[in-house]
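Chemist: The following block contains the structure, expressed as structure tokens.
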Amino acid sequence: EAGVAQSPRYKIIEKRQSVAFWCNPISGHATLYWYQQILGQGPKLLIQFQNNGVVDDSQLPKDRFSAERLKGVDSTLKIQPAKLEDSAVYLCASSLAGGAYEQYFGPGTRLTVT
Amino acid sequence: KNQVEQSPQSLIILEGKNCTLQCNYTVSPFSNLRWYKQDTGRGPVSLTIMTFSENTKSNGRYTATLDADTKQSSLHITASQLSDSASYICVVSAKFSGGYNKLIFGAGTRLAVHP
């Protein structure tokens, strides 16, 4: 079974630029998550999708971050404009459904904002 | 406030030795507790998941315990190997109305196993 795919793996941008990350979840997984993991900290949930609907985006900085999952499969996370404090690893995870189902994580995208 | 605290923050042990990592949580309403292993540059991988009624669960050389009364969990690693060098993250799931589960992550314990 293929795992969660993410691209790019690394990205370096200057502050105020925009950037987009892509995630392809495990086939058949209805729930998709985007996490932000700052160095030395645990992941923080940014947004959770159930199919193509948003379940939880309470910690998403909506003035600069946006995410979509138009066809209920793959998803993109965008930052515009980026700030220095956005430097982090952005992890995508998927699960069969929400609730207590196991979450499977992708390798992450390491973003450096200079 | 829902929080998960882990200790120690980092740990160095010699290959072949055992170690125990700690997790304290203040999460309500509790659904389950998970331990993840995160290798450098990779996403977290699940080691164990325990519900309220489970006291212990093993996965090879990894054994997790849960005391729901004191809201504490531990992860014991037996006969450590160099490949155990990683961050170990304790994650507690809170279950809200409508069946929605939210994961609260600890900051992790960074383990280094030296030869």
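Residues in the structure tokens are named by chain (A, B, ... in the order shown) and by number from 1 within that chain; ligands are numbered from 1 in the order shown.
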Chain B residues within 12 Å of chain A, counting only C-alpha atoms: which ones, as a VMD selection string?

Modeler: chain B and resid 3 to 6 9 to 10 30 to 51 87 to 110

Chemist: I need the helix (DSSP H, G or I) residues of chain B per DSSP on the backbone, written as number ranges by chain.

Modeler: B: 82-84, 97-99

Chemist: Select, from B:Val113, B:Gln81, B:Lys1, B:Ser74, the residue with the minimum atom-to-atom distance to Pro29 in chain B, counting only C-alpha atoms.

Modeler: B:Lys1

Chemist: Quick one: of B:Ala86, B:Ser73, B:Thr56, B:Leu111, who's nearest to Pro8 in chain B, counting only C-alpha atoms?

Modeler: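 Of B:Ala86, B:Ser73, B:Thr56, B:Leu111, the one nearest Pro8 in chain B, counting only C-alpha atoms, is B:Leu111.
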
Chemist: From the DSSP assignment of the backbone, select every residue of chain A that is strand (DSSP E or B), and format the answer as a count of residues only.

Modeler: 55

Chemist: So the first atom is CA of Asp86 in chain A and the second is CA of Lys15 in chain A; what is the distance between them in Å, to one decimal place?

Modeler: 9.2 Å

Chemist: Rank nothing, just name the residue among A:Leu60, A:Leu111, A:Ile26, A:Leu77 nearest to Ile13 in chain A, using only C-alpha atoms.

Modeler: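 The shortest atom-to-atom distance to Ile13 in chain A comes from A:Leu111.
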
Chemist: For a test of reading the model, state the distance in Å between CA of Arg69 in chain A and CA of Ser7 in chain A, rounded to one decimal.

Modeler: 15.3 Å

Chemist: Calculated over only C-alpha atoms, which of the candidates A:Val19, A:Gly28, A:Lys71, A:Glu14 has the smallest distance to Ala2 in chain A?

Modeler: A:Gly28

Chemist: Suppose you want the space between CA of Tyr33 in chain A and CA of Phe65 in chain A; what is it in Å?

Modeler: 14.2 Å
